[in-house]
Amino acid sequence: MALVLTEEQQMLKTSAKEFFNGNAPIASLRDLRDKKSEAGYDQLVWSEMANMGWTGLVFPEAYGGLDFGYAGLGQILIESGKTLTPSPLMSSVIVSGTMINAYGSEEQKKTLLAAIAAGEKIVTLAYEESNAHRPHTAEASVSNNQLSGTKKIVLDGHVADTFLVTARTEKGLGIYVIDAAASGVSVERHTMMDSRNAATVTFSDVPVLAMIGLPGDGEKIMDHVLDVARICLSAEMLGSMEEAFERTMNYLKERKQFGVSIGSFQGLQHRAAHMFCEIEMCKSLVLKSLQAIDAESDELATLASMTKAKVGEIAKLVSNEGIQMFGGIGMTDDEEIGFFLKRARVAQLTYGDYNYHIDRYAALKSF
Amino acid sequence: MALVLTEEQQMLKTSAKEFFNGNAPIASLRDLRDKKSEAGYDQLVWSEMANMGWTGLVFPEAYGGLDFGYAGLGQILIESGKTLTPSPLMSSVIVSGTMINAYGSEEQKKTLLAAIAAGEKIVTLAYEESNAHRPHTAEASVSNNQLSGTKKIVLDGHVADTFLVTARTEKGLGIYVIDAAASGVSVERHTMMDSRNAATVTFSDVPVLAMIGLPGDGEKIMDHVLDVARICLSAEMLGSMEEAFERTMNYLKERKQFGVSIGSFQGLQHRAAHMFCEIEMCKSLVLKSLQAIDAESDELATLASMTKAKVGEIAKLVSNEGIQMFGGIGMTDDEEIGFFLKRARVAQLTYGDYNYHIDRYAALKSF
Amino acid sequence: MSTATQPNIDAFRTETRAWLEEHCPESMRTPVKGFDDYFWGGRQPKFKDEDQKLWFENMKSKGWTVPRWPKEYGGGGLSKAEYKVLKEEMESLGCRTPLFSFGIHMLGPALLNFGTEEQKKEHLTQIANGEIWWCQGYSEPGAGSDLAGLQTSAEDKGDHYLVNGQKVWTSYADYADKIFCLVRTDKNAPKHTGISFLLIDMKAEGVTTRPIKLLSGSSPFCETFFDNVKVPKENLVGTENEGWTIAKYLLTHERSMIGNVAKMDKTLDKYAVDAIGKVNGKLADPVNRVETAKWLIDEAAFNLTLERALDEAKAGSPPGAKSSFFKYYGTELNKRRYELMMSTGGFDNLIWGENAEEGKTPREFCRTKANSIEGGTSEVQLNIIAKHILGLPKS
Amino acid sequence: MSTATQPNIDAFRTETRAWLEEHCPESMRTPVKGFDDYFWGGRQPKFKDEDQKLWFENMKSKGWTVPRWPKEYGGGGLSKAEYKVLKEEMESLGCRTPLFSFGIHMLGPALLNFGTEEQKKEHLTQIANGEIWWCQGYSEPGAGSDLAGLQTSAEDKGDHYLVNGQKVWTSYADYADKIFCLVRTDKNAPKHTGISFLLIDMKAEGVTTRPIKLLSGSSPFCETFFDNVKVPKENLVGTENEGWTIAKYLLTHERSMIGNVAKMDKTLDKYAVDAIGKVNGKLADPVNRVETAKWLIDEAAFNLTLERALDEAKAGSPPGAKSSFFKYYGTELNKRRYELMMSTGGFDNLIWGENAEEGKTPREFCRTKANSIEGGTSEVQLNIIAKHILGLPKS
């Protein structure tokens, strides 16, 4: 497949750009943060996104979706990354939706997936238990059809209607569906450094509603779903770094010191030019990886790790250089460039950081 | 101990500088190379060094030495690094001499060490068998008091009078003394990329003259002796990088492009300033480590690995930047800056490279 | 100043130790923990407790809030050797510094070198006695690395200057009583020659401040605005239009104070082992293991280099532009440390929460990003190294 | 030129394949191995064997040494579509390029665009027929990145120019029959406007060459000296003093040819596994493992980016300054590869020996250091990116 957007994807990208710029600029994120928003995201924006079909974009028409493909969804993510717009798109649509669509029963698709696709329900995956990304292990367990355990860093956990929870079984990892309103569920909301939300969720003998797949399917399911999530998150991170870079370049042109634009200093020019090249690398990896999801490529895992590693590394570089090049003003909360720094660090750790994916890539390539 | 040179050390450094500049500039190395010198080093220079007492500098007076200490010897190495002077100082004096001085019998000191200290004999350690630095393992073995095995990268192996050879024993590593003239010794000389020499030496049932220490002492002896060697080699590498850096700075000031000195370009200035800082770091590590040898510090192993790792990394940086900043002219064999590049790569791999010592440092610090 | 012979110094040490033992309350011998534990002085001095007050008063009575200053300005009049003894004895008992003040370290040296006798009498004494809390007004929004590009103007109105403009990064301006400022007194002169050094009362009409919130949360920094502020002529320090000389003197003084990499409770390898754990005796994350080792080696090399510079200075070698080198390398090293801690600490370090206690590491991480900006950017330090140490030509 | 419709093209493909099958000797369908396997033409042509000669003569007879050039100059007169077919068919059979020549790729385009009818007739035909081996004389010792700073002078002497000066990096100048040069014809004009494009016979009196030895060993490069060389006026290409226009045209042409990271026999991970071995399924050297993974990811990203640029070009997006970006990143990537190979290969890669076969990897390693210098340094590429892509102001 050619490494360019189709006309439809380009149109979607353009409308996403307009939408986020118009409805959810960084000022909105600041507002959500300063007003300590209960949801942690703008619910009006979210329902608009659902109205436009973006919550169901990648799912089959049978469940209310548009069957448009991840390469298209990726463009929405890139644009939402530019405005740093928080929404349950990642947690509910991309992770949970993808999981149910690929591994859920017909019943689960008709109810849960349809509700996700319509933006009516928020479903989130609860799987991390330690401080580092360990998607294949769980101490949480099920006995007598009741689940117990504690999950960390559950994205949008405090607003979720339903949890998908990993637990160990005799056959390996299992994934269980749990109603957030069930007794025995306790949710502690945390505001993260990027002003988004993640929760620590404790399950104490909570009745299980159903499973996704069978006991022991969990590892395989997690690998596939998280690879999709890693690529989609990389798309969002790409948008953020493109925007942070553009803002930095504009600042270099505007800001004068010693009587000239600081952008005329060769020391900064060479660093800027190098960053430009690295961002181009990220663009290619992201596009190729998004297409690989739609093509159901055998290379998905390799591409996901390559992309998440490289994009995570460059997101750090670009956000650090952004602050340094903005200088003192960049350190203030009033200036928006700092929001990109904070978001980059959270995104970089989500679904496996640079270190994790470098190691995983080498393991996938058998060295 | 204060991290400055004593007056005596400073005087020694000054005379070493004069000596190498006067008697063994890089032109001499080129000459040895182009004339395919049989020894691979200038024997007149070597006997002058012996006459000045440098070959015995660190050894007790009882064996013809001056008992002056490694911090002093380090200054000679730094200066010889600036002129890239090849000599058996490292192989014979520092490695073999140190080993015999610390672990040899009285008899061995009176004969072998005294001959080393006088510059009369060249004794070299043969211990590498694989392509990477593995000082604790050996396939070579001894039976019926005859040693068999093949050793790689034996420094100055083609001119050695005596080999110290590692072999496995039931109790661990043992170190054996072998006469280079004995039957069963075959030496294949290799010219390395830095125009120095190392040999592949094959021992076939060669009679063993004696041992250094007992069977099983080898690991401990090798650790200590190689740590001394790593620090001394780092001193030499420091001298090389100081000289390469100074030459590069001079070139930046002289060379004009676009009507100005290329040294006025901020892109190059920032890289130069960064290198300056890194070289200062190396200076401190080298001096501290040299002093640690003399002080018989418990931290010797840690310091040796820190120093060899850091100096190796910066030697690569400085030699690469040297070539790049010299531009086309730097790529020619006529210009001497390239000699520093080649020497840096050989020295970086000798006695454990950057990767080896980063790993060893972490292991020594228990993480 | 007095010159002390060795027997005198030994006697001074005995006396000093006895005096400190007697006059320093036990609670003033414990490490300071938060902002509260510092006494800053000022028109409305705030003591945390009676011990803090007592300790301050005791030290003030000896002139030891500013031990090296002359006695006539409220100082201790100590010789260099005596001062060294006092510092050593305070350190050995763990005595806290009795008074924190930008007046002592930043304004004081300027007044001692460039002030009139009247100015010294008035201001130095007030600083020594902790009566005035001073803040610094150098930076401006439009003049960052190009400090001399400052635009705050002081117009000569006969008996006073009329000051208009804005300063930024004025630490604790919202607490301070007075500010020492660089202002432009000649708009037509080349930029380095039209600058003057002025003292301004923060209570004067037309002075307002606004705190600055940083990425990391609230901060001691403020913006300070001057709107037609009248400043008496006698508040000029040094010669009109020659303030840049004073500024340069103070900046050199300031730069040498920064660049140290702070010691942490936990070394980075311990931090990593605690956060990540080991597998087969090695840190479980192999990439982190390498980065941690590299950082520790660089930290050790940096500290050895500081030690070496100190030893070289003792041996008579001048520090020169080395302060730029320490500033550059030290701040970049500190940024790298926090970057590594964010990677090592994992998910817990993502939690920001509502107060600085909860999100300590990520807030500190954000704050470190300023290390390479404040006090002269890394780029400025690299320029200085290139030109003044390496002798590369001006670009 | 002819325009080909689809049926015509299909017919052309059939004919071409049949012709190639018949006229390309078997031995000319194997990959070239060394310098010997290339035929460079020239006044004293050297054929390695009969097959090489036969293949060259056959291709020449069709004008296919330069398939796109007009027939009147010895070319094949093929349309773009026909040329594509010929390339595909040659590739599918593995046919060697019959003639290597800087004349074809560097001088040809200049003459086609800027030459007189006489020059085209004479020189293009000779190039097409492999009768003249051309080399290039742009660079000078004093003018590296600043190509326009060249000093070789051509003084107008009425019927001829008198050329004095020195060129460097003139590849195969010791074999070549003629050289195309940039020379300065007006010393008083601004540096870009006093340059002319001149053709000089290497046999002319006063021309000497000296081969350049590199770090990596012997090289095709030479220095070429001009000492009062008389060059006939008709050897000027284009207008006097406007040679820079031709140079710019050719340089753009040249830059887009470099920057690809060559495919190697062994991927870097295989190379590492073979050299270092594995422990518990992982590369035994954990530091190398990380570096190798990083490099492979960057290599893949780079190749994908090349692919994307091609796809974007097909979709109508102009390449613009992207060639600078590929040149910079590709050459740095290649240098990193060899740096890693030196680390990975261990002691064996230190052996230099006496001939290029023995020390292959270390020699190649040394040679890669020039990647970021020749064809425009990395610094020049970064400047171009900063100005022409990012729009940053001139420094």
# chains A, B, ... in the order shown; residues from 1 in each chain; ligands from 1
$ closest_atom_pairs --of "chain D" --to "chain B" --cutoff "6 Å" --atoms "only C-alpha atoms" --output "CSV"
residue,atom,partner,partner_atom,distance
D:Asp146,CA,B:Phe258,CA,5.6
D:Lys213,CA,B:Asp333,CA,5.5
D:Leu214,CA,B:Thr332,CA,4.1
D:Leu215,CA,B:Asp333,CA,4.8
D:Val287,CA,B:Asn355,CA,5.5
D:Gly346,CA,B:Asn131,CA,5.1
D:Phe347,CA,B:Asn131,CA,5.1
D:Leu350,CA,B:Met192,CA,5.4
D:Ile351,CA,B:Met192,CA,4.4
D:Trp352,CA,B:Met193,CA,4.7
D:Gly353,CA,B:Thr191,CA,5.2
D:Ile373,CA,B:Gly327,CA,5.9
$ write_last_selection --atoms "N, CA, C and O atoms" --output "PDB file, in the first residue's frame"
ATOM      1  N   ASP D 146      32.273  25.484   0.805  1.00  0.00           N
ATOM      2  CA  ASP D 146      32.069  26.750   0.103  1.00  0.00           C
ATOM      3  C   ASP D 146      32.557  26.604  -1.330  1.00  0.00           C
ATOM      4  O   ASP D 146      33.533  27.216  -1.741  1.00  0.00           O
ATOM      5  N   LYS D 213      45.747   9.176  -1.202  1.00  0.00           N
ATOM      6  CA  LYS D 213      45.575   8.021  -0.319  1.00  0.00           C
ATOM      7  C   LYS D 213      44.678   8.460   0.832  1.00  0.00           C
ATOM      8  O   LYS D 213      44.881   9.537   1.408  1.00  0.00           O
ATOM      9  N   LEU D 214      43.704   7.637   1.151  1.00  0.00           N
ATOM     10  CA  LEU D 214      42.793   7.965   2.252  1.00  0.00           C
ATOM     11  C   LEU D 214      43.156   7.167   3.499  1.00  0.00           C
ATOM     12  O   LEU D 214      43.959   6.245   3.451  1.00  0.00           O
ATOM     13  N   LEU D 215      42.525   7.524   4.579  1.00  0.00           N
ATOM     14  CA  LEU D 215      42.587   6.726   5.804  1.00  0.00           C
ATOM     15  C   LEU D 215      42.394   5.256   5.529  1.00  0.00           C
ATOM     16  O   LEU D 215      43.020   4.397   6.145  1.00  0.00           O
ATOM     17  N   VAL D 287      24.609  -4.114  26.058  1.00  0.00           N
ATOM     18  CA  VAL D 287      24.706  -2.749  25.548  1.00  0.00           C
ATOM     19  C   VAL D 287      24.597  -2.763  24.027  1.00  0.00           C
ATOM     20  O   VAL D 287      23.848  -1.993  23.418  1.00  0.00           O
ATOM     21  N   GLY D 346      34.501  -6.992  17.202  1.00  0.00           N
ATOM     22  CA  GLY D 346      35.569  -7.304  18.144  1.00  0.00           C
ATOM     23  C   GLY D 346      36.950  -7.301  17.514  1.00  0.00           C
ATOM     24  O   GLY D 346      37.204  -6.610  16.526  1.00  0.00           O
ATOM     25  N   PHE D 347      37.835  -8.090  18.103  1.00  0.00           N
ATOM     26  CA  PHE D 347      39.250  -8.047  17.753  1.00  0.00           C
ATOM     27  C   PHE D 347      39.518  -8.285  16.256  1.00  0.00           C
ATOM     28  O   PHE D 347      40.418  -7.670  15.681  1.00  0.00           O
ATOM     29  N   LEU D 350      39.990  -5.389  14.071  1.00  0.00           N
ATOM     30  CA  LEU D 350      41.122  -4.492  14.276  1.00  0.00           C
ATOM     31  C   LEU D 350      42.249  -4.787  13.293  1.00  0.00           C
ATOM     32  O   LEU D 350      43.162  -3.989  13.123  1.00  0.00           O
ATOM     33  N   ILE D 351      42.172  -5.967  12.682  1.00  0.00           N
ATOM     34  CA  ILE D 351      43.282  -6.363  11.814  1.00  0.00           C
ATOM     35  C   ILE D 351      43.185  -5.665  10.464  1.00  0.00           C
ATOM     36  O   ILE D 351      42.184  -5.759   9.774  1.00  0.00           O
ATOM     37  N   TRP D 352      44.219  -4.919  10.153  1.00  0.00           N
ATOM     38  CA  TRP D 352      44.275  -4.064   8.969  1.00  0.00           C
ATOM     39  C   TRP D 352      44.998  -4.769   7.839  1.00  0.00           C
ATOM     40  O   TRP D 352      44.541  -4.780   6.700  1.00  0.00           O
ATOM     41  N   GLY D 353      46.112  -5.385   8.188  1.00  0.00           N
ATOM     42  CA  GLY D 353      46.887  -6.129   7.211  1.00  0.00           C
ATOM     43  C   GLY D 353      47.470  -5.238   6.141  1.00  0.00           C
ATOM     44  O   GLY D 353      47.513  -4.019   6.280  1.00  0.00           O
ATOM     45  N   ILE D 373      30.818  14.032   4.683  1.00  0.00           N
ATOM     46  CA  ILE D 373      31.627  15.168   4.212  1.00  0.00           C
ATOM     47  C   ILE D 373      31.418  15.371   2.712  1.00  0.00           C
ATOM     48  O   ILE D 373      31.093  16.456   2.263  1.00  0.00           O
TER      49      ILE D 373
END
$ interface_residues --of "chain C" --to "chain D" --cutoff "10 Å" --atoms "only C-alpha atoms" --output "tab-separated table (two decimals) with N, CA and C atoms, in the first residue's frame"
chain	number	residue	atom	x	y	z
C	286	PRO	N	17.09	-3.87	31.17
C	286	PRO	CA	18.47	-3.78	30.68
C	286	PRO	C	18.82	-2.41	30.08
C	287	VAL	N	17.85	-1.75	29.50
C	287	VAL	CA	18.13	-0.43	28.92
C	287	VAL	C	18.38	0.57	30.05
C	289	ARG	N	19.41	-0.13	32.95
C	289	ARG	CA	20.67	-0.47	33.63
C	289	ARG	C	21.85	0.26	32.99
C	290	VAL	N	21.88	0.27	31.67
C	290	VAL	CA	22.97	0.95	30.97
C	290	VAL	C	22.91	2.45	31.22
C	291	GLU	N	21.72	3.01	31.11
C	291	GLU	CA	21.58	4.46	31.29
C	291	GLU	C	21.95	4.87	32.71
C	395	SER	N	31.20	34.55	16.40
C	395	SER	CA	30.40	34.20	15.22
C	395	SER	C	29.62	35.41	14.75
$ closest_residue --among "D:Thr14, D:Ile127, D:Thr5, D:Asp265" --to "His105 in chain D" --atoms "only C-alpha atoms"
D:Ile127
$ select_by_dssp --residues "range 55-187 of chain B" --states "alpha helix (DSSP H)" --output "MDAnalysis selection string"
chainID B and resid 70:82 98:103 106:108 114:117
$ closest_residue --among "A:Ala167, A:Val228, A:Leu155, A:Ile178" --to "Gly216 in chain A" --atoms "only C-alpha atoms"
A:Ala167
$ residues_around --residues "Leu29 in chain A" --least-positions-apart "5" --cutoff "9 Å" --atoms "only C-alpha atoms" --output "PyMOL selection string"
chain A and resi 24+34+40-42+83-86+195-196
$ atom_distance --atom1 "CA of Pro393 in chain D" --atom2 "CA of Gly149 in chain D"
22.5 Å
$ residues_around --residues "Leu93 in chain D" --least-positions-apart "2" --cutoff "12 Å" --atoms "only C-alpha atoms" --output "list in words"
Thr16, Arg17, Ala18, Trp19, Leu20, Glu21, Glu22, His23, Cys24, Pro25, Glu26, Ser27, Met28, Arg29, Thr30, Pro31, Leu86, Lys87, Glu88, Glu89, Met90, Glu91, Cys95, Arg96 and Thr97 of chain D
$ select_by_dssp --residues "range 155-225 of chain B" --states "strand (DSSP E or B)" --output "compact mmCIF listing (two decimals) with N, CA, C and O atoms, in the first residue's frame"
# COMPACT_ATOMS: atom_id res chain seq x y z
N LEU B 155 49.50 -8.50 22.30
CA LEU B 155 50.19 -7.26 21.96
C LEU B 155 51.69 -7.49 21.91
O LEU B 155 52.27 -8.10 22.81
N THR B 162 59.24 -13.56 26.13
CA THR B 162 58.57 -14.46 27.06
C THR B 162 57.07 -14.17 27.03
O THR B 162 56.67 -13.02 26.90
N PHE B 163 56.28 -15.24 27.09
CA PHE B 163 54.83 -15.08 27.18
C PHE B 163 54.35 -15.45 28.58
O PHE B 163 54.84 -16.41 29.17
N LEU B 164 53.39 -14.69 29.09
CA LEU B 164 52.62 -15.11 30.25
C LEU B 164 51.27 -15.55 29.68
O LEU B 164 50.59 -14.76 29.01
N VAL B 165 50.91 -16.80 29.92
CA VAL B 165 49.77 -17.37 29.21
C VAL B 165 48.73 -17.91 30.19
O VAL B 165 49.08 -18.63 31.13
N THR B 166 47.48 -17.54 29.96
CA THR B 166 46.42 -18.06 30.83
C THR B 166 45.97 -19.42 30.30
O THR B 166 45.89 -19.65 29.10
N ALA B 167 45.68 -20.32 31.26
CA ALA B 167 45.13 -21.63 30.88
C ALA B 167 44.20 -22.07 32.00
O ALA B 167 44.31 -21.62 33.14
N ARG B 168 43.27 -22.91 31.62
CA ARG B 168 42.33 -23.39 32.64
C ARG B 168 42.96 -24.52 33.43
O ARG B 168 43.73 -25.32 32.89
N THR B 169 42.66 -24.56 34.70
CA THR B 169 43.09 -25.68 35.54
C THR B 169 41.85 -26.18 36.26
O THR B 169 40.77 -25.58 36.13
N GLY B 172 40.53 -23.41 38.46
CA GLY B 172 40.26 -22.11 37.88
C GLY B 172 41.37 -21.73 36.95
O GLY B 172 42.09 -22.59 36.43
N LEU B 173 41.56 -20.43 36.76
CA LEU B 173 42.57 -19.96 35.80
C LEU B 173 43.96 -20.03 36.40
O LEU B 173 44.17 -19.69 37.58
N GLY B 174 44.92 -20.43 35.57
CA GLY B 174 46.31 -20.38 35.99
C GLY B 174 47.12 -19.57 34.98
O GLY B 174 46.71 -19.44 33.83
N ILE B 175 48.22 -19.00 35.44
CA ILE B 175 49.03 -18.19 34.52
C ILE B 175 50.44 -18.79 34.42
O ILE B 175 51.11 -19.00 35.44
N TYR B 176 50.86 -19.07 33.20
CA TYR B 176 52.07 -19.83 32.96
C TYR B 176 53.12 -18.99 32.22
O TYR B 176 52.78 -18.19 31.35
N VAL B 177 54.37 -19.24 32.57
CA VAL B 177 55.47 -18.55 31.92
C VAL B 177 56.03 -19.44 30.82
O VAL B 177 56.35 -20.62 31.07
N ILE B 178 56.14 -18.87 29.63
CA ILE B 178 56.58 -19.67 28.47
C ILE B 178 57.65 -18.91 27.71
O ILE B 178 57.52 -17.70 27.48
N ASP B 179 58.66 -19.62 27.31
CA ASP B 179 59.74 -19.02 26.53
C ASP B 179 59.30 -18.93 25.06
O ASP B 179 58.88 -19.92 24.49
N VAL B 185 55.87 -23.13 19.78
CA VAL B 185 55.29 -21.79 19.78
C VAL B 185 55.28 -21.29 18.34
O VAL B 185 56.31 -21.26 17.68
N SER B 186 54.10 -20.94 17.84
CA SER B 186 54.08 -20.33 16.51
C SER B 186 53.34 -19.00 16.58
O SER B 186 52.26 -18.90 17.16
N VAL B 187 53.98 -18.00 16.01
CA VAL B 187 53.49 -16.63 16.14
C VAL B 187 53.10 -16.07 14.78
O VAL B 187 53.92 -16.06 13.85
N GLU B 188 51.87 -15.64 14.65
CA GLU B 188 51.44 -14.98 13.42
C GLU B 188 51.21 -13.50 13.72
O GLU B 188 50.33 -13.14 14.49
N ARG B 189 52.05 -12.69 13.10
CA ARG B 189 51.98 -11.25 13.36
C ARG B 189 50.83 -10.62 12.57
O ARG B 189 50.64 -10.92 11.40
N HIS B 190 50.07 -9.73 13.22
CA HIS B 190 49.05 -8.97 12.52
C HIS B 190 49.32 -7.49 12.70
O HIS B 190 49.55 -7.03 13.82
N THR B 191 49.24 -6.75 11.60
CA THR B 191 49.28 -5.30 11.72
C THR B 191 47.85 -4.83 11.97
O THR B 191 46.94 -5.17 11.22
N MET B 192 47.67 -4.07 13.02
CA MET B 192 46.33 -3.61 13.35
C MET B 192 46.04 -2.28 12.67
O MET B 192 46.91 -1.67 12.07
N ASN B 197 51.07 -3.65 16.49
CA ASN B 197 51.10 -5.06 16.20
C ASN B 197 50.48 -5.92 17.30
O ASN B 197 50.65 -5.63 18.48
N ALA B 198 49.79 -6.92 16.86
CA ALA B 198 49.31 -7.94 17.78
C ALA B 198 49.45 -9.27 17.05
O ALA B 198 49.43 -9.29 15.83
N ALA B 199 49.58 -10.31 17.79
CA ALA B 199 49.81 -11.59 17.15
C ALA B 199 48.78 -12.62 17.59
O ALA B 199 48.17 -12.50 18.65
N THR B 200 48.59 -13.58 16.72
CA THR B 200 47.88 -14.78 17.12
C THR B 200 48.99 -15.79 17.44
O THR B 200 49.87 -16.05 16.61
N VAL B 201 48.97 -16.30 18.65
CA VAL B 201 50.05 -17.20 19.07
C VAL B 201 49.46 -18.57 19.38
O VAL B 201 48.51 -18.68 20.16
N THR B 202 50.02 -19.56 18.73
CA THR B 202 49.55 -20.92 18.95
C THR B 202 50.62 -21.70 19.73
O THR B 202 51.81 -21.66 19.39
N PHE B 203 50.18 -22.32 20.79
CA PHE B 203 51.07 -23.14 21.63
C PHE B 203 50.67 -24.60 21.47
O PHE B 203 49.53 -24.97 21.71
N SER B 204 51.63 -25.40 21.03
CA SER B 204 51.36 -26.83 20.88
C SER B 204 52.32 -27.61 21.77
O SER B 204 53.51 -27.73 21.45
N ASP B 205 51.80 -28.09 22.85
CA ASP B 205 52.63 -28.85 23.81
C ASP B 205 53.94 -28.15 24.13
O ASP B 205 55.03 -28.73 24.01
N VAL B 206 53.82 -26.91 24.50
CA VAL B 206 55.01 -26.14 24.81
C VAL B 206 55.35 -26.29 26.29
O VAL B 206 54.48 -26.12 27.15
N PRO B 207 56.61 -26.61 26.58
CA PRO B 207 56.96 -26.79 28.00
C PRO B 207 56.78 -25.51 28.80
O PRO B 207 57.15 -24.42 28.36
N ALA B 210 57.34 -21.92 34.35
CA ALA B 210 56.95 -21.65 35.74
C ALA B 210 55.52 -21.14 35.74
O ALA B 210 54.90 -21.01 34.68
N MET B 211 55.00 -20.86 36.93
CA MET B 211 53.68 -20.24 37.03
C MET B 211 53.81 -18.90 37.76
O MET B 211 54.73 -18.71 38.55
N ILE B 212 52.87 -18.01 37.47
CA ILE B 212 52.72 -16.81 38.31
C ILE B 212 51.56 -17.13 39.24
O ILE B 212 50.43 -17.33 38.79
$ residues_around --residues "Lys310 in chain A" --least-positions-apart "3" --cutoff "10 Å" --atoms "only C-alpha atoms" --output "list of chain:residue names"
A:Ser234, A:Glu278, A:Ile279, A:Met281, A:Cys282, A:Leu285, A:Val286, A:Ala304, A:Ser305, A:Met306, A:Thr307, A:Glu313, A:Ile314, A:Ala315, A:Asp353, A:Tyr354, A:His357, A:Ile358, D:Lys294, D:Ile297, D:Asp298, D:Ala301
$ write_last_selection --atoms "C-alpha atoms" --output "PDB file, in the first residue's frame"
ATOM      1  CA  SER A 234       1.951   6.726  18.731  1.00  0.00           C
ATOM      2  CA  GLU A 278      13.520  12.511  13.322  1.00  0.00           C
ATOM      3  CA  ILE A 279       9.882  13.604  13.116  1.00  0.00           C
ATOM      4  CA  MET A 281      11.011   9.087  10.608  1.00  0.00           C
ATOM      5  CA  CYS A 282       8.163   8.954  13.116  1.00  0.00           C
ATOM      6  CA  LEU A 285       6.574   4.501  11.059  1.00  0.00           C
ATOM      7  CA  VAL A 286       3.165   5.656  12.268  1.00  0.00           C
ATOM      8  CA  ALA A 304       4.157  -1.636  17.058  1.00  0.00           C
ATOM      9  CA  SER A 305       7.299  -1.930  19.154  1.00  0.00           C
ATOM     10  CA  MET A 306       9.436  -0.114  16.615  1.00  0.00           C
ATOM     11  CA  THR A 307       6.946   2.695  16.379  1.00  0.00           C
ATOM     12  CA  GLU A 313      12.146   8.708  22.176  1.00  0.00           C
ATOM     13  CA  ILE A 314      11.509  11.558  19.769  1.00  0.00           C
ATOM     14  CA  ALA A 315       8.532  12.813  21.774  1.00  0.00           C
ATOM     15  CA  ASP A 353       7.913   2.706  27.308  1.00  0.00           C
ATOM     16  CA  TYR A 354      10.963   3.065  25.113  1.00  0.00           C
ATOM     17  CA  HIS A 357       9.818  -1.824  23.345  1.00  0.00           C
ATOM     18  CA  ILE A 358      13.502  -1.807  22.496  1.00  0.00           C
TER      19      ILE A 358
ATOM     20  CA  LYS D 294      17.955   1.199  17.901  1.00  0.00           C
ATOM     21  CA  ILE D 297      14.583   0.633  13.932  1.00  0.00           C
ATOM     22  CA  ASP D 298      16.165   3.765  12.516  1.00  0.00           C
ATOM     23  CA  ALA D 301      12.217   4.139   9.564  1.00  0.00           C
TER      24      ALA D 301
END
$ residues_around --residues "Glu236 in chain B" --least-positions-apart "3" --cutoff "8 Å" --atoms "only C-alpha atoms" --output "CSV table (one decimal) with C-alpha atoms, in the first residue's frame"
chain,number,residue,atom,x,y,z
B,74,GLY,CA,50.5,7.9,33.7
B,77,LEU,CA,51.5,7.6,28.9
B,78,ILE,CA,49.5,10.7,28.4
B,79,GLU,CA,52.4,12.3,26.6
B,80,SER,CA,53.1,9.2,24.5
B,81,GLY,CA,49.4,9.2,23.6
B,82,LYS,CA,49.7,12.7,22.1
B,232,CYS,CA,47.2,3.2,32.2
B,233,LEU,CA,45.7,2.7,28.7
B,239,GLY,CA,46.6,12.1,25.8
B,240,SER,CA,45.5,11.2,22.3
$ closest_residue --among "A:Arg360, A:Arg271, A:Lys308, A:Lys220" --to "chain B" --atoms "only C-alpha atoms"
A:Arg271
$ residues_around --residues "range 93-96 of chain B" --least-positions-apart "6" --cutoff "9 Å" --atoms "only C-alpha atoms" --output "number ranges by chain"
B: 55-56, 58, 113, 116-117, 119, 122-125, 163-164, 225-226, 228-229, 232
$ atom_distance --atom1 "CA of Pro362 in chain D" --atom2 "CA of Glu332 in chain D"
17.1 Å
$ atom_distance --atom1 "CA of Leu198 in chain C" --atom2 "CA of Glu131 in chain C"
19.1 Å
